[in-house]
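For reference, the structure discussed in these notes is given below.
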Amino acid sequence: MKVLRSRRLGGEFFQGDAREVARALIGKLLVRDDGRVARLVEVEAYMGTQDPGSHAFRGPTPRASIMFGPPGRLYVYFSYGVHWCANIVCGPEGTASAVLLRAAEPIGGLEPMRVARRNGRAVDLPVRDLCRGPGRLTQAFGINGAHNGLDLSPADRALLWLEDDGRGPGGEIVATARVGLANERGAELPWRYVLLGSPWASPGPAPGTRVPSAPPQRL
């Protein structure tokens with residue numbers, strides 16, 4: 001039997017076009033140093049100053065300045081005043097493109113994820129809902145504003161990183177419209193990449209369709 005060995009993704013992985021990086025991230029592992037692991041099944045690409053849906057569309061701002069820095073860093077922001085969203089900066093420094101992590105299949109450290117997701121509440125959370133949506137994913141991994149700018153690419157172990165275990169995405173990757181954008185913010189652009197039919201993905205449009213603006217996700 002072939003033994004698969006995980007390879008940590010270095011900075012060079014994130015240097016390409018965000019749309020290509022986004023597609024390549026499906027099937028990769030998001031890992032935290034305490035044993036929490038999840039396989040990415042849904043992401044979205046944001047193309048900086050070319051993209052009206054991007055925080056960097058109008059150039060550098062205090063909030064989006066991280067996006068103009070080196071690739072492989074986390075860009076974390078608070079969305080709708082409700083939850084954190086985690087993005088990975090991509091492309092050459094200065095291009096300000098990024099990939100939003102939207103959903104993942106939990107495969108390790110489920111109890112720490114449940115504790116983080118409960119946030120002190122006495123609720124029973126099904127495994128399917130631990131990382132199904134950008135707010136749930138960041139909460140399950142304990143990602144917040146303190147991690148804005150965190151480098152995911154060092155060769156030595158850190159708090160968070162990404163790995164390729166060689167298993168691949170496990171199915172067909174399709175592109176759809178992104179979730180929650182108004183028409184004037186690039187709602188028609190097919191830059192959401194998702195593993196077709198994955199039960200771990202968040203609700204979203206079918207390929208070739210547009211999606212209206214969405215309210216904030218309830219955690």
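Following the order of the structure tokens, first chain is A, next is B, and so on, with residues numbered from 1 inside each chain and ligands from 1 in the order they appear.
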
inquiry  = Which residues are near Leu159 of chain A? Cut-off 9 Å, only C-alpha atoms, ignore same chain within fewer than 2 positions. Put them as a ChimeraX atom specification.
reply    = /A:31-34,150,152,157,161

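Using only C-alpha atoms for every distance, the candidate list A:Arg192, A:Arg114, A:Arg136, A:Arg185 yields A:Arg114 as the residue closest to Arg36 of chain A.
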
task = May I have the residues within 12 Å of Glu42 of chain A as a PyMOL selection string, using only C-alpha atoms and disregarding those fewer than 3 positions away in the same chain?
result = chain A and resi 22-28+38-39+45+99-105+131-134+137+169+172-176+178-179+191-204

Give me the residues of segment 93-118 of chain A that have any atom at most 8 Å from an atom of segment 51-67 of chain A; for each, the nearest atom pair and the distance in Å, rounded to one decimal. Use only C-alpha atoms, sort by chain and number, and format it as CSV.
```
residue,atom,partner,partner_atom,distance
A:Gly94,CA,A:Met67,CA,7.7
A:Thr95,CA,A:Met67,CA,7.8
A:Ala96,CA,A:Met67,CA,4.4
A:Ser97,CA,A:Met67,CA,6.5
A:Ala98,CA,A:Met67,CA,6.9
```

What does the file look like for those residues with C-alpha atoms, as a compact mmCIF listing (two decimals), in the first residue's frame?
```txt
# COMPACT_ATOMS: atom_id res chain seq x y z
CA GLY A 94 1.78 44.54 -4.30
CA THR A 95 -0.97 42.83 -6.33
CA ALA A 96 -3.31 42.55 -3.31
CA SER A 97 -5.12 39.38 -4.40
CA ALA A 98 -6.30 36.81 -1.86
```

For Glu163 of chain A, the nearest of the candidates A:Leu125, A:Val37, A:Ala182, A:Val43, counting only C-alpha atoms = A:Val37

request  = Just the strand (DSSP E) stuff from segment 46-186 of chain A, please, per backbone DSSP, written as number ranges by chain.
outcome  = A: 46, 74-79, 83-90, 97-108, 160-164, 173-176

Selection export as a short mmCIF file (atom, residue, chain, number, x, y, z; two decimals), in the first residue's frame, atoms kept: C-alpha atoms:
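Printed below is selection_1.cif as written:
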```cif
data_model
loop_
_atom_site.label_atom_id
_atom_site.label_comp_id
_atom_site.auth_asym_id
_atom_site.auth_seq_id
_atom_site.Cartn_x
_atom_site.Cartn_y
_atom_site.Cartn_z
CA TYR A 46 -10.46 38.08 -4.85
CA LEU A 74 -3.38 35.68 6.58
CA TYR A 75 -5.71 38.60 5.96
CA VAL A 76 -8.35 38.45 8.71
CA TYR A 77 -11.27 40.83 8.97
CA PHE A 78 -14.52 41.11 10.96
CA SER A 79 -17.56 40.62 8.73
CA HIS A 83 -17.73 36.81 12.64
CA TRP A 84 -14.13 36.70 11.41
CA CYS A 85 -13.15 35.76 7.86
CA ALA A 86 -9.73 34.35 6.95
CA ASN A 87 -8.04 34.96 3.60
CA ILE A 88 -4.62 33.98 2.28
CA VAL A 89 -2.71 36.68 0.40
CA CYS A 90 -1.65 35.51 -3.08
CA SER A 97 -5.12 39.38 -4.40
CA ALA A 98 -6.30 36.81 -1.86
CA VAL A 99 -8.28 33.61 -1.34
CA LEU A 100 -11.12 33.48 1.20
CA LEU A 101 -11.38 30.17 3.08
CA ARG A 102 -15.11 29.32 3.06
CA ALA A 103 -15.54 25.71 4.19
CA ALA A 104 -13.66 22.55 5.09
CA GLU A 105 -14.18 18.93 6.13
CA PRO A 106 -12.98 18.39 9.74
CA ILE A 107 -10.66 15.39 9.96
CA GLY A 108 -8.67 15.90 13.17
CA LEU A 160 -1.30 27.60 11.49
CA TRP A 161 -0.17 26.22 8.16
CA LEU A 162 -1.38 24.33 5.07
CA GLU A 163 -0.35 20.87 3.93
CA ASP A 164 -0.69 18.69 0.85
CA ILE A 173 -13.98 21.17 -8.66
CA VAL A 174 -16.52 23.62 -10.09
CA ALA A 175 -16.53 27.41 -10.32
CA THR A 176 -19.61 29.47 -9.37
#
```

message = For the structure I just gave you, how does DSSP split segment 35-94 of chain A - specifically, which residues are helix (DSSP H, G or I)? Reply as an NGL selection string.
response = :A and (48-50 or 65-68)

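Shortest atom-to-atom contact with Pro190 of chain A among A:Pro112, A:Glu12, A:Ala177, A:Ser6: A:Ala177, counting only C-alpha atoms.
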
Computed interatomic separation between atom CA of Gly109 of chain A and atom CA of Ala155 of chain A (Å) =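 We find that atom CA of Gly109 of chain A and atom CA of Ala155 of chain A lie 22.2 Å from each other.
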
task = Could you please determine the separation between atom CA of Arg73 of chain A and atom CA of Gln50 of chain A in Å, to one decimal place?
result =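 Calculated distance between atom CA of Arg73 of chain A and atom CA of Gln50 of chain A is 20.1 Å.
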
inquiry  = Just the number, please: distance in Å from atom CA of Pro126 of chain A to atom CA of Phe141 of chain A, one decimal.
reply    = 15.9 Å
